[in-house]
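Have a look at target.cif below; it lists mmCIF, C-alpha atoms.
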```
data_structure
#
loop_
_atom_site.label_atom_id
_atom_site.label_comp_id
_atom_site.auth_asym_id
_atom_site.auth_seq_id
_atom_site.Cartn_x
_atom_site.Cartn_y
_atom_site.Cartn_z
CA MET A 1 20.35 -27.63 -135.24
CA PRO A 2 19.67 -24.34 -133.44
CA GLY A 3 21.30 -24.39 -130.01
CA THR A 4 24.32 -26.30 -131.28
CA VAL A 5 27.59 -24.77 -130.04
CA HIS A 6 30.88 -25.26 -131.87
CA ARG A 7 34.15 -24.46 -130.13
CA PHE A 8 37.26 -23.94 -132.22
CA GLY A 9 40.25 -21.82 -133.01
CA ALA A 10 43.50 -20.76 -131.47
CA CYS A 11 44.60 -17.47 -132.97
CA LYS A 12 47.80 -16.04 -131.56
CA VAL A 13 47.79 -12.25 -131.59
CA THR A 14 51.21 -10.89 -132.50
CA ARG A 15 52.47 -7.40 -131.89
CA GLU A 16 53.74 -7.17 -135.46
CA GLU A 17 50.32 -7.95 -136.91
CA VAL A 18 48.49 -5.62 -134.47
CA VAL A 19 50.67 -2.72 -135.59
CA GLU A 20 50.52 -3.70 -139.28
CA PHE A 21 46.70 -3.92 -139.31
CA ALA A 22 46.32 -0.68 -137.35
CA SER A 23 48.78 1.17 -139.59
CA LYS A 24 46.65 0.32 -142.61
CA TYR A 25 43.12 0.51 -141.28
CA ASP A 26 42.90 1.97 -137.78
CA PRO A 27 45.88 4.25 -137.13
CA GLN A 28 44.83 5.50 -133.70
CA PRO A 29 47.73 6.02 -131.24
CA PHE A 30 46.66 3.28 -128.77
CA HIS A 31 46.88 0.67 -131.56
CA LEU A 32 50.32 1.82 -132.70
CA ASP A 33 52.37 3.14 -129.83
CA ASP A 34 53.11 1.82 -126.33
CA GLU A 35 53.49 5.20 -124.65
CA ALA A 36 50.33 6.62 -126.18
CA ALA A 37 48.39 3.48 -125.23
CA ALA A 38 49.62 3.68 -121.61
CA LYS A 39 47.91 7.06 -121.28
CA THR A 40 44.49 5.67 -122.25
CA HIS A 41 42.00 3.28 -120.59
CA PHE A 42 43.48 0.49 -122.76
CA GLY A 43 46.56 0.54 -120.51
CA ARG A 44 48.82 -0.80 -123.22
CA LEU A 45 49.03 -1.41 -126.94
CA SER A 46 45.81 -3.16 -128.06
CA ALA A 47 44.46 -4.54 -131.30
CA SER A 48 41.94 -2.66 -133.42
CA GLY A 49 38.46 -4.07 -132.84
CA TRP A 50 38.24 -4.57 -136.60
CA HIS A 51 41.40 -6.63 -136.43
CA THR A 52 39.80 -8.79 -133.73
CA ALA A 53 36.74 -9.18 -135.98
CA ALA A 54 38.99 -10.13 -138.91
CA MET A 55 40.92 -12.70 -136.84
CA THR A 56 37.57 -14.11 -135.70
CA MET A 57 36.44 -14.41 -139.32
CA GLY A 58 39.63 -16.32 -140.05
CA MET A 59 38.70 -18.87 -137.37
CA LEU A 60 35.09 -19.04 -138.60
CA VAL A 61 36.18 -19.72 -142.19
CA GLU A 62 38.59 -22.43 -141.06
CA ASN A 63 35.75 -24.06 -139.11
CA MET A 64 33.44 -23.86 -142.14
CA LYS A 65 36.06 -25.64 -144.22
CA ASP A 66 36.44 -28.31 -141.55
CA ASN A 67 32.66 -28.83 -141.74
CA ARG A 68 32.60 -28.69 -145.58
CA GLN A 69 30.14 -25.82 -145.41
CA ALA A 70 30.03 -23.63 -148.53
CA GLY A 71 29.66 -20.04 -147.38
CA LEU A 72 28.26 -17.47 -149.79
CA GLY A 73 28.95 -14.29 -147.91
CA SER A 74 26.86 -12.42 -145.39
CA PRO A 75 24.11 -9.80 -145.54
CA GLY A 76 25.37 -8.38 -142.26
CA ILE A 77 25.85 -8.34 -138.52
CA ASP A 78 22.99 -7.60 -136.13
CA GLU A 79 25.22 -6.66 -133.19
CA LEU A 80 28.94 -6.54 -132.52
CA ARG A 81 30.40 -5.79 -129.10
CA TRP A 82 34.03 -5.22 -128.20
CA VAL A 83 33.92 -6.25 -124.57
CA ARG A 84 37.58 -6.22 -123.53
CA PRO A 85 40.81 -5.07 -125.19
CA VAL A 86 42.82 -7.65 -127.14
CA TYR A 87 46.56 -7.43 -126.53
CA PRO A 88 49.62 -8.76 -128.35
CA GLY A 89 50.42 -12.14 -126.83
CA ASP A 90 46.75 -13.07 -126.38
CA THR A 91 45.42 -16.28 -127.91
CA LEU A 92 41.82 -16.08 -129.11
CA ARG A 93 39.28 -18.85 -129.51
CA VAL A 94 35.65 -18.96 -130.64
CA GLU A 95 32.37 -20.35 -129.38
CA ASN A 96 29.78 -20.27 -132.13
CA GLU A 97 26.13 -20.99 -131.40
CA LEU A 98 23.60 -21.53 -134.18
CA LEU A 99 20.52 -19.45 -133.32
CA SER A 100 18.35 -20.19 -136.35
CA LYS A 101 18.45 -21.35 -139.93
CA ARG A 102 16.02 -20.77 -142.77
CA ARG A 103 15.87 -21.00 -146.56
CA SER A 104 16.01 -17.80 -148.55
CA ARG A 105 12.67 -17.15 -150.26
CA SER A 106 14.17 -15.08 -153.05
CA ARG A 107 17.04 -17.55 -153.59
CA PRO A 108 15.93 -21.07 -152.60
CA ASP A 109 19.45 -22.36 -153.35
CA MET A 110 20.64 -20.42 -150.30
CA GLY A 111 20.13 -20.81 -146.58
CA ILE A 112 20.54 -18.08 -143.98
CA LEU A 113 22.18 -19.01 -140.69
CA LYS A 114 21.98 -16.68 -137.69
CA SER A 115 24.73 -17.28 -135.15
CA ALA A 116 25.92 -15.93 -131.82
CA THR A 117 29.69 -15.77 -131.77
CA ARG A 118 31.67 -15.32 -128.56
CA VAL A 119 35.41 -14.75 -128.69
CA TYR A 120 37.52 -15.55 -125.63
CA ASN A 121 41.14 -14.85 -124.72
CA GLN A 122 43.50 -17.32 -123.03
CA ASN A 123 42.08 -16.33 -119.61
CA ASP A 124 38.58 -17.37 -120.71
CA GLU A 125 37.48 -13.75 -120.69
CA VAL A 126 35.05 -12.70 -123.42
CA VAL A 127 36.72 -10.09 -125.64
CA MET A 128 34.12 -9.83 -128.43
CA THR A 129 30.60 -11.00 -129.19
CA MET A 130 28.50 -10.75 -132.32
CA ILE A 131 25.20 -11.86 -133.81
CA SER A 132 25.85 -12.56 -137.48
CA ASN A 133 23.95 -13.74 -140.54
CA GLY A 134 25.63 -16.04 -142.99
CA LEU A 135 24.53 -17.28 -146.39
CA VAL A 136 25.27 -20.89 -147.21
CA SER A 137 24.72 -23.08 -150.21
CA VAL A 138 21.76 -25.45 -149.69
CA ARG A 139 22.72 -29.09 -150.29
CA ASP A 140 19.40 -29.93 -152.01
CA PRO A 141 17.86 -26.80 -153.60
CA SER A 142 14.93 -28.84 -154.98
CA ALA A 143 13.72 -29.75 -151.47
CA PRO A 144 10.61 -27.80 -150.42
CA ILE A 145 11.09 -24.79 -148.17
CA GLU A 146 10.07 -25.62 -144.61
CA GLU A 147 7.72 -23.15 -142.92
CA MET B 1 25.04 18.31 -133.38
CA PRO B 2 22.83 15.25 -134.05
CA GLY B 3 21.71 15.23 -137.68
CA THR B 4 25.03 16.62 -138.90
CA VAL B 5 26.33 14.69 -141.91
CA HIS B 6 30.02 14.58 -142.82
CA ARG B 7 31.09 13.40 -146.25
CA PHE B 8 34.67 12.29 -146.79
CA GLY B 9 37.05 9.72 -148.09
CA ALA B 10 38.22 8.27 -151.35
CA CYS B 11 39.53 4.77 -150.80
CA LYS B 12 40.70 2.97 -153.92
CA VAL B 13 40.13 -0.78 -153.66
CA THR B 14 43.02 -2.68 -155.22
CA ARG B 15 42.99 -6.29 -156.33
CA GLU B 16 46.29 -6.91 -154.55
CA GLU B 17 44.90 -5.71 -151.21
CA VAL B 18 41.59 -7.60 -151.65
CA VAL B 19 43.50 -10.85 -152.11
CA GLU B 20 46.02 -10.07 -149.35
CA PHE B 21 43.30 -9.29 -146.79
CA ALA B 22 41.23 -12.32 -147.77
CA SER B 23 44.25 -14.64 -147.67
CA LYS B 24 44.88 -13.66 -144.07
CA TYR B 25 41.39 -13.23 -142.65
CA ASP B 26 38.67 -14.46 -145.00
CA PRO B 27 40.04 -17.12 -147.36
CA GLN B 28 36.78 -17.99 -149.09
CA PRO B 29 37.13 -18.79 -152.82
CA PHE B 30 35.11 -15.78 -154.09
CA HIS B 31 37.51 -13.40 -152.33
CA LEU B 32 40.61 -15.11 -153.74
CA ASP B 33 39.98 -16.56 -157.17
CA ASP B 34 38.33 -15.17 -160.32
CA GLU B 35 36.97 -18.45 -161.60
CA ALA B 36 35.50 -19.48 -158.26
CA ALA B 37 33.93 -16.03 -157.85
CA ALA B 38 32.34 -16.20 -161.33
CA LYS B 39 30.38 -19.26 -160.21
CA THR B 40 28.76 -17.42 -157.27
CA HIS B 41 26.20 -14.62 -156.96
CA PHE B 42 29.15 -12.20 -156.53
CA GLY B 43 29.86 -12.61 -160.26
CA ARG B 44 33.52 -11.75 -159.87
CA LEU B 45 36.26 -11.39 -157.29
CA SER B 46 34.96 -9.26 -154.42
CA ALA B 47 36.38 -7.87 -151.18
CA SER B 48 35.72 -9.47 -147.82
CA GLY B 49 33.01 -7.54 -145.98
CA TRP B 50 35.46 -7.22 -143.08
CA HIS B 51 37.94 -5.65 -145.48
CA THR B 52 35.29 -3.12 -146.51
CA ALA B 53 34.65 -2.41 -142.82
CA ALA B 54 38.40 -1.98 -142.23
CA MET B 55 38.77 0.39 -145.20
CA THR B 56 35.79 2.35 -143.87
CA MET B 57 37.46 2.59 -140.45
CA GLY B 58 40.55 3.97 -142.18
CA MET B 59 38.46 6.79 -143.68
CA LEU B 60 36.68 7.42 -140.34
CA VAL B 61 40.00 7.71 -138.47
CA GLU B 62 41.39 10.10 -141.09
CA ASN B 63 38.27 12.26 -140.70
CA MET B 64 38.60 12.21 -136.89
CA LYS B 65 42.17 13.45 -137.23
CA ASP B 66 41.04 16.20 -139.61
CA ASN B 67 38.51 17.25 -136.97
CA ARG B 68 41.03 16.91 -134.11
CA GLN B 69 38.72 14.45 -132.38
CA ALA B 70 40.42 12.12 -129.89
CA GLY B 71 38.85 8.70 -130.28
CA LEU B 72 39.05 6.24 -127.40
CA GLY B 73 37.81 3.10 -129.08
CA SER B 74 34.33 1.71 -129.40
CA PRO B 75 32.04 -0.48 -127.31
CA GLY B 76 30.55 -1.88 -130.49
CA ILE B 77 28.38 -1.75 -133.55
CA ASP B 78 24.57 -1.92 -133.34
CA GLU B 79 24.06 -3.02 -136.94
CA LEU B 80 26.28 -3.65 -139.94
CA ARG B 81 24.90 -4.41 -143.42
CA TRP B 82 26.85 -5.46 -146.48
CA VAL B 83 24.47 -4.21 -149.12
CA ARG B 84 26.42 -4.73 -152.36
CA PRO B 85 29.69 -6.45 -153.25
CA VAL B 86 32.85 -4.32 -153.32
CA TYR B 87 35.11 -5.06 -156.29
CA PRO B 88 38.74 -4.32 -157.10
CA GLY B 89 38.80 -1.00 -158.95
CA ASP B 90 35.99 0.50 -156.85
CA THR B 91 36.53 3.77 -155.01
CA LEU B 92 34.71 4.04 -151.69
CA ARG B 93 33.55 7.13 -149.83
CA VAL B 94 31.71 7.73 -146.58
CA GLU B 95 28.71 9.66 -145.37
CA ASN B 96 28.66 9.79 -141.60
CA GLU B 97 25.63 11.10 -139.73
CA LEU B 98 25.75 11.85 -136.00
CA LEU B 99 22.64 10.29 -134.43
CA SER B 100 23.23 11.17 -130.78
CA LYS B 101 25.88 12.11 -128.28
CA ARG B 102 25.96 11.71 -124.53
CA ARG B 103 28.42 11.75 -121.65
CA SER B 104 29.42 8.45 -120.11
CA ARG B 105 28.04 8.17 -116.55
CA SER B 106 30.72 5.76 -115.41
CA ARG B 107 33.52 7.75 -117.08
CA PRO B 108 32.57 11.44 -117.25
CA ASP B 109 35.79 12.17 -119.13
CA MET B 110 34.32 10.27 -122.07
CA GLY B 111 31.50 10.92 -124.49
CA ILE B 112 29.64 8.34 -126.53
CA LEU B 113 28.74 9.20 -130.10
CA LYS B 114 26.25 7.10 -132.02
CA SER B 115 26.60 7.43 -135.79
CA ALA B 116 25.01 6.11 -138.96
CA THR B 117 27.68 5.39 -141.54
CA ARG B 118 26.89 4.84 -145.20
CA VAL B 119 29.59 3.72 -147.60
CA TYR B 120 29.18 4.36 -151.33
CA ASN B 121 31.07 3.20 -154.39
CA GLN B 122 32.00 5.38 -157.38
CA ASN B 123 28.53 4.81 -158.88
CA ASP B 124 26.90 6.30 -155.76
CA GLU B 125 25.54 2.88 -154.82
CA VAL B 126 25.46 2.04 -151.12
CA VAL B 127 27.78 -0.91 -150.46
CA MET B 128 27.76 -0.92 -146.64
CA THR B 129 25.89 0.70 -143.77
CA MET B 130 26.45 0.60 -140.04
CA ILE B 131 25.24 2.09 -136.78
CA SER B 132 28.29 2.47 -134.56
CA ASN B 133 29.15 3.73 -131.10
CA GLY B 134 32.36 5.63 -130.57
CA LEU B 135 34.04 6.82 -127.38
CA VAL B 136 35.66 10.22 -127.50
CA SER B 137 37.62 12.28 -125.05
CA VAL B 138 35.49 15.09 -123.58
CA ARG B 139 37.14 18.49 -124.00
CA ASP B 140 36.01 19.70 -120.54
CA PRO B 141 35.49 16.76 -118.14
CA SER B 142 34.61 19.13 -115.27
CA ALA B 143 31.52 20.40 -117.10
CA PRO B 144 28.26 19.02 -115.68
CA ILE B 145 26.63 16.11 -117.50
CA GLU B 146 23.61 17.26 -119.49
CA GLU B 147 20.44 15.29 -118.95
#
```
Serialized structure, structure tokens:
Amino acid sequence: MPGTVHRFGACKVTREEVVEFASKYDPQPFHLDDEAAAKTHFGRLSASGWHTAAMTMGMLVENMKDNRQAGLGSPGIDELRWVRPVYPGDTLRVENELLSKRRSRSRPDMGILKSATRVYNQNDEVVMTMISNGLVSVRDPSAPIEE
Amino acid sequence: MPGTVHRFGACKVTREEVVEFASKYDPQPFHLDDEAAAKTHFGRLSASGWHTAAMTMGMLVENMKDNRQAGLGSPGIDELRWVRPVYPGDTLRVENELLSKRRSRSRPDMGILKSATRVYNQNDEVVMTMISNGLVSVRDPSAPIEE
């Protein structure tokens, strides 16, 4: 039901993984090097925002499995905000609110869920938010499409 | 200048990396297993959309370095669309269009660039688009802010 909020996840952010992800995909100095990071507004070594998004996806997928929901990918994200830096040692968790759900017209075997995702650190500070669209398998594709 | 388009990148998508990324951050069957993927609308094993975004970031950072631009992170993404699946064996490239640039009012040593990024595969098909906001270091912070 729209309005439903699920809370889940406990993703520990390790220094090793922050540096490994950044080395591959986001090799900017403040994601790789303590001294370079200290000279920026990040203050110290911080995770790539894309790494935070990836860790969030990991928690979302785990939650989908717990709820036996069959995801079928995503057409995209309507808005993604990196609100605060994520640091090694942080533990992230997710609040996921269902905003709307509808059946796909072109593919009636699929539903489209729009969700607001808020990611918090261990101090209950929001570090990332996003509005995402997810495709899911419809349990009864023969049921009529609600208007 | 707004309207300027930069073209760059050649990122080879390997099966090993697709599976490695998905195992860590997006362990849905169609990103991990050929048979499971064949049963979905993806048709075959495809990369996590977050992996495509991460590979794109890798190409963007390389281009920033080539242009001696000092990035300072990003407040977020206004829109991200996964248009087509990305498959192992694909080679991705980027077209990046500057939409606008302005000085930060709260931090006059920073500029905010808004860009439209289009990612293509080797068949010149768009696989991903995004509208992103990037912070950059201003070369002369003492210069007055243009209105």
Please superimpose chain B on chain A using every C-alpha atom, paired by order, in a least-squares fit, and write the moved chain as a PDB file with C-alpha atoms, in the coordinates of the input.
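The resulting file, part.pdb, is reproduced below:
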```
ATOM      1  CA  MET B   1      20.345 -27.654-135.241  1.00  0.00           C
ATOM      2  CA  PRO B   2      19.655 -24.343-133.436  1.00  0.00           C
ATOM      3  CA  GLY B   3      21.295 -24.369-130.009  1.00  0.00           C
ATOM      4  CA  THR B   4      24.312 -26.307-131.269  1.00  0.00           C
ATOM      5  CA  VAL B   5      27.570 -24.772-130.043  1.00  0.00           C
ATOM      6  CA  HIS B   6      30.868 -25.266-131.868  1.00  0.00           C
ATOM      7  CA  ARG B   7      34.131 -24.461-130.133  1.00  0.00           C
ATOM      8  CA  PHE B   8      37.250 -23.931-132.215  1.00  0.00           C
ATOM      9  CA  GLY B   9      40.231 -21.825-133.013  1.00  0.00           C
ATOM     10  CA  ALA B  10      43.492 -20.758-131.486  1.00  0.00           C
ATOM     11  CA  CYS B  11      44.590 -17.467-132.978  1.00  0.00           C
ATOM     12  CA  LYS B  12      47.809 -16.047-131.576  1.00  0.00           C
ATOM     13  CA  VAL B  13      47.780 -12.245-131.601  1.00  0.00           C
ATOM     14  CA  THR B  14      51.206 -10.891-132.512  1.00  0.00           C
ATOM     15  CA  ARG B  15      52.471  -7.388-131.885  1.00  0.00           C
ATOM     16  CA  GLU B  16      53.750  -7.164-135.457  1.00  0.00           C
ATOM     17  CA  GLU B  17      50.313  -7.946-136.908  1.00  0.00           C
ATOM     18  CA  VAL B  18      48.498  -5.613-134.462  1.00  0.00           C
ATOM     19  CA  VAL B  19      50.674  -2.716-135.601  1.00  0.00           C
ATOM     20  CA  GLU B  20      50.519  -3.700-139.286  1.00  0.00           C
ATOM     21  CA  PHE B  21      46.709  -3.915-139.291  1.00  0.00           C
ATOM     22  CA  ALA B  22      46.325  -0.673-137.350  1.00  0.00           C
ATOM     23  CA  SER B  23      48.787   1.173-139.595  1.00  0.00           C
ATOM     24  CA  LYS B  24      46.669   0.322-142.613  1.00  0.00           C
ATOM     25  CA  TYR B  25      43.124   0.501-141.280  1.00  0.00           C
ATOM     26  CA  ASP B  26      42.925   1.983-137.787  1.00  0.00           C
ATOM     27  CA  PRO B  27      45.904   4.266-137.129  1.00  0.00           C
ATOM     28  CA  GLN B  28      44.842   5.510-133.707  1.00  0.00           C
ATOM     29  CA  PRO B  29      47.730   6.029-131.244  1.00  0.00           C
ATOM     30  CA  PHE B  30      46.677   3.285-128.772  1.00  0.00           C
ATOM     31  CA  HIS B  31      46.871   0.681-131.548  1.00  0.00           C
ATOM     32  CA  LEU B  32      50.318   1.824-132.700  1.00  0.00           C
ATOM     33  CA  ASP B  33      52.392   3.149-129.835  1.00  0.00           C
ATOM     34  CA  ASP B  34      53.116   1.838-126.322  1.00  0.00           C
ATOM     35  CA  GLU B  35      53.485   5.204-124.654  1.00  0.00           C
ATOM     36  CA  ALA B  36      50.323   6.635-126.181  1.00  0.00           C
ATOM     37  CA  ALA B  37      48.396   3.488-125.223  1.00  0.00           C
ATOM     38  CA  ALA B  38      49.619   3.689-121.599  1.00  0.00           C
ATOM     39  CA  LYS B  39      47.902   7.067-121.280  1.00  0.00           C
ATOM     40  CA  THR B  40      44.474   5.664-122.244  1.00  0.00           C
ATOM     41  CA  HIS B  41      41.996   3.300-120.583  1.00  0.00           C
ATOM     42  CA  PHE B  42      43.478   0.496-122.748  1.00  0.00           C
ATOM     43  CA  GLY B  43      46.568   0.577-120.505  1.00  0.00           C
ATOM     44  CA  ARG B  44      48.824  -0.794-123.211  1.00  0.00           C
ATOM     45  CA  LEU B  45      49.012  -1.407-126.937  1.00  0.00           C
ATOM     46  CA  SER B  46      45.819  -3.148-128.048  1.00  0.00           C
ATOM     47  CA  ALA B  47      44.453  -4.542-131.310  1.00  0.00           C
ATOM     48  CA  SER B  48      41.949  -2.668-133.431  1.00  0.00           C
ATOM     49  CA  GLY B  49      38.460  -4.062-132.846  1.00  0.00           C
ATOM     50  CA  TRP B  50      38.229  -4.573-136.614  1.00  0.00           C
ATOM     51  CA  HIS B  51      41.407  -6.633-136.429  1.00  0.00           C
ATOM     52  CA  THR B  52      39.807  -8.796-133.736  1.00  0.00           C
ATOM     53  CA  ALA B  53      36.750  -9.185-135.979  1.00  0.00           C
ATOM     54  CA  ALA B  54      39.000 -10.134-138.917  1.00  0.00           C
ATOM     55  CA  MET B  55      40.917 -12.702-136.843  1.00  0.00           C
ATOM     56  CA  THR B  56      37.573 -14.115-135.698  1.00  0.00           C
ATOM     57  CA  MET B  57      36.439 -14.401-139.328  1.00  0.00           C
ATOM     58  CA  GLY B  58      39.634 -16.325-140.058  1.00  0.00           C
ATOM     59  CA  MET B  59      38.714 -18.885-137.380  1.00  0.00           C
ATOM     60  CA  LEU B  60      35.080 -19.046-138.602  1.00  0.00           C
ATOM     61  CA  VAL B  61      36.177 -19.718-142.200  1.00  0.00           C
ATOM     62  CA  GLU B  62      38.592 -22.437-141.070  1.00  0.00           C
ATOM     63  CA  ASN B  63      35.751 -24.082-139.127  1.00  0.00           C
ATOM     64  CA  MET B  64      33.428 -23.859-142.157  1.00  0.00           C
ATOM     65  CA  LYS B  65      36.054 -25.634-144.242  1.00  0.00           C
ATOM     66  CA  ASP B  66      36.432 -28.320-141.568  1.00  0.00           C
ATOM     67  CA  ASN B  67      32.665 -28.825-141.744  1.00  0.00           C
ATOM     68  CA  ARG B  68      32.609 -28.698-145.569  1.00  0.00           C
ATOM     69  CA  GLN B  69      30.139 -25.824-145.427  1.00  0.00           C
ATOM     70  CA  ALA B  70      30.037 -23.632-148.542  1.00  0.00           C
ATOM     71  CA  GLY B  71      29.674 -20.045-147.395  1.00  0.00           C
ATOM     72  CA  LEU B  72      28.244 -17.478-149.793  1.00  0.00           C
ATOM     73  CA  GLY B  73      28.948 -14.292-147.903  1.00  0.00           C
ATOM     74  CA  SER B  74      26.855 -12.420-145.402  1.00  0.00           C
ATOM     75  CA  PRO B  75      24.116  -9.794-145.523  1.00  0.00           C
ATOM     76  CA  GLY B  76      25.391  -8.376-142.259  1.00  0.00           C
ATOM     77  CA  ILE B  77      25.866  -8.360-138.536  1.00  0.00           C
ATOM     78  CA  ASP B  78      22.995  -7.612-136.131  1.00  0.00           C
ATOM     79  CA  GLU B  79      25.218  -6.661-133.201  1.00  0.00           C
ATOM     80  CA  LEU B  80      28.940  -6.546-132.527  1.00  0.00           C
ATOM     81  CA  ARG B  81      30.402  -5.793-129.079  1.00  0.00           C
ATOM     82  CA  TRP B  82      34.032  -5.226-128.203  1.00  0.00           C
ATOM     83  CA  VAL B  83      33.905  -6.260-124.581  1.00  0.00           C
ATOM     84  CA  ARG B  84      37.578  -6.227-123.542  1.00  0.00           C
ATOM     85  CA  PRO B  85      40.799  -5.068-125.192  1.00  0.00           C
ATOM     86  CA  VAL B  86      42.814  -7.646-127.148  1.00  0.00           C
ATOM     87  CA  TYR B  87      46.562  -7.426-126.529  1.00  0.00           C
ATOM     88  CA  PRO B  88      49.623  -8.744-128.337  1.00  0.00           C
ATOM     89  CA  GLY B  89      50.419 -12.139-126.823  1.00  0.00           C
ATOM     90  CA  ASP B  90      46.747 -13.078-126.386  1.00  0.00           C
ATOM     91  CA  THR B  91      45.409 -16.279-127.915  1.00  0.00           C
ATOM     92  CA  LEU B  92      41.813 -16.080-129.115  1.00  0.00           C
ATOM     93  CA  ARG B  93      39.259 -18.848-129.522  1.00  0.00           C
ATOM     94  CA  VAL B  94      35.648 -18.976-130.639  1.00  0.00           C
ATOM     95  CA  GLU B  95      32.374 -20.363-129.394  1.00  0.00           C
ATOM     96  CA  ASN B  96      29.776 -20.264-132.128  1.00  0.00           C
ATOM     97  CA  GLU B  97      26.129 -20.996-131.384  1.00  0.00           C
ATOM     98  CA  LEU B  98      23.588 -21.536-134.167  1.00  0.00           C
ATOM     99  CA  LEU B  99      20.513 -19.441-133.316  1.00  0.00           C
ATOM    100  CA  SER B 100      18.347 -20.184-136.350  1.00  0.00           C
ATOM    101  CA  LYS B 101      18.437 -21.361-139.922  1.00  0.00           C
ATOM    102  CA  ARG B 102      16.026 -20.759-142.760  1.00  0.00           C
ATOM    103  CA  ARG B 103      15.857 -20.996-146.537  1.00  0.00           C
ATOM    104  CA  SER B 104      16.034 -17.798-148.537  1.00  0.00           C
ATOM    105  CA  ARG B 105      12.677 -17.108-150.243  1.00  0.00           C
ATOM    106  CA  SER B 106      14.206 -15.061-153.029  1.00  0.00           C
ATOM    107  CA  ARG B 107      17.060 -17.541-153.573  1.00  0.00           C
ATOM    108  CA  PRO B 108      15.937 -21.051-152.592  1.00  0.00           C
ATOM    109  CA  ASP B 109      19.425 -22.362-153.337  1.00  0.00           C
ATOM    110  CA  MET B 110      20.628 -20.439-150.292  1.00  0.00           C
ATOM    111  CA  GLY B 111      20.123 -20.802-146.571  1.00  0.00           C
ATOM    112  CA  ILE B 112      20.539 -18.097-143.966  1.00  0.00           C
ATOM    113  CA  LEU B 113      22.167 -19.021-140.681  1.00  0.00           C
ATOM    114  CA  LYS B 114      21.974 -16.689-137.711  1.00  0.00           C
ATOM    115  CA  SER B 115      24.721 -17.288-135.152  1.00  0.00           C
ATOM    116  CA  ALA B 116      25.905 -15.933-131.824  1.00  0.00           C
ATOM    117  CA  THR B 117      29.683 -15.771-131.767  1.00  0.00           C
ATOM    118  CA  ARG B 118      31.662 -15.324-128.572  1.00  0.00           C
ATOM    119  CA  VAL B 119      35.400 -14.762-128.692  1.00  0.00           C
ATOM    120  CA  TYR B 120      37.524 -15.550-125.632  1.00  0.00           C
ATOM    121  CA  ASN B 121      41.127 -14.866-124.722  1.00  0.00           C
ATOM    122  CA  GLN B 122      43.491 -17.331-123.021  1.00  0.00           C
ATOM    123  CA  ASN B 123      42.078 -16.339-119.610  1.00  0.00           C
ATOM    124  CA  ASP B 124      38.573 -17.385-120.721  1.00  0.00           C
ATOM    125  CA  GLU B 125      37.466 -13.751-120.695  1.00  0.00           C
ATOM    126  CA  VAL B 126      35.038 -12.694-123.413  1.00  0.00           C
ATOM    127  CA  VAL B 127      36.710 -10.089-125.635  1.00  0.00           C
ATOM    128  CA  MET B 128      34.121  -9.853-128.434  1.00  0.00           C
ATOM    129  CA  THR B 129      30.592 -11.005-129.191  1.00  0.00           C
ATOM    130  CA  MET B 130      28.497 -10.772-132.320  1.00  0.00           C
ATOM    131  CA  ILE B 131      25.201 -11.872-133.817  1.00  0.00           C
ATOM    132  CA  SER B 132      25.853 -12.572-137.486  1.00  0.00           C
ATOM    133  CA  ASN B 133      23.954 -13.741-140.540  1.00  0.00           C
ATOM    134  CA  GLY B 134      25.634 -16.064-142.984  1.00  0.00           C
ATOM    135  CA  LEU B 135      24.521 -17.302-146.396  1.00  0.00           C
ATOM    136  CA  VAL B 136      25.266 -20.907-147.202  1.00  0.00           C
ATOM    137  CA  SER B 137      24.724 -23.089-150.207  1.00  0.00           C
ATOM    138  CA  VAL B 138      21.773 -25.460-149.689  1.00  0.00           C
ATOM    139  CA  ARG B 139      22.743 -29.086-150.295  1.00  0.00           C
ATOM    140  CA  ASP B 140      19.412 -29.910-152.009  1.00  0.00           C
ATOM    141  CA  PRO B 141      17.856 -26.790-153.596  1.00  0.00           C
ATOM    142  CA  SER B 142      14.931 -28.831-154.978  1.00  0.00           C
ATOM    143  CA  ALA B 143      13.741 -29.731-151.473  1.00  0.00           C
ATOM    144  CA  PRO B 144      10.631 -27.800-150.400  1.00  0.00           C
ATOM    145  CA  ILE B 145      11.114 -24.791-148.130  1.00  0.00           C
ATOM    146  CA  GLU B 146      10.100 -25.592-144.562  1.00  0.00           C
ATOM    147  CA  GLU B 147       7.737 -23.144-142.936  1.00  0.00           C
TER     148      GLU B 147
END
```
Check: So what does the PyMOL selection byres ((chain A) within 10 of (chain B)) actually pick up in this one, as number ranges by chain?
Finding: A: 21-31, 37, 40-42, 48-51, 53-62, 64-65, 70-85, 128-133, 137
Step by step, work through what the PyMOL selection byres ((chain B and resi 13) around 6) selects in the shown file, and finish by giving those residues as a tab-separated table (two decimals) with C-alpha atoms, keeping the file's coordinate frame.
```tsv
chain	number	residue	atom	x	y	z
B	12	LYS	CA	40.70	2.97	-153.92
B	14	THR	CA	43.02	-2.68	-155.22
B	88	PRO	CA	38.74	-4.32	-157.10
B	89	GLY	CA	38.80	-1.00	-158.95
B	90	ASP	CA	35.99	0.50	-156.85
B	91	THR	CA	36.53	3.77	-155.01
```
Note to self: Quick check on the file I pasted: which residues fall under the PyMOL selection byres ((chain A and resi 119) around 7)? Write them as number ranges by chain.
What the structure shows: A: 92-95, 117-118, 120-121, 126-129
Checklist line | Closest of B:Asp124, B:Asp66, B:Glu97, B:Asp140 to Val5 in chain B - atom-to-atom distances counting all atoms listed in the file | finding: B:Glu97
Around the point (19.6, -26.5, -137.0), in the coordinates given by the file, pick out the residues reaching within 10 Å, counting all atoms listed in the file, and return them as a CSV table (one decimal) with C-alpha atoms, keeping the file's coordinate frame.
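As a result, selection_2.csv now contains:
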```csv
chain,number,residue,atom,x,y,z
A,1,MET,CA,20.4,-27.6,-135.2
A,2,PRO,CA,19.7,-24.3,-133.4
A,3,GLY,CA,21.3,-24.4,-130.0
A,4,THR,CA,24.3,-26.3,-131.3
A,98,LEU,CA,23.6,-21.5,-134.2
A,99,LEU,CA,20.5,-19.4,-133.3
A,100,SER,CA,18.4,-20.2,-136.4
A,101,LYS,CA,18.4,-21.4,-139.9
A,102,ARG,CA,16.0,-20.8,-142.8
A,113,LEU,CA,22.2,-19.0,-140.7
```
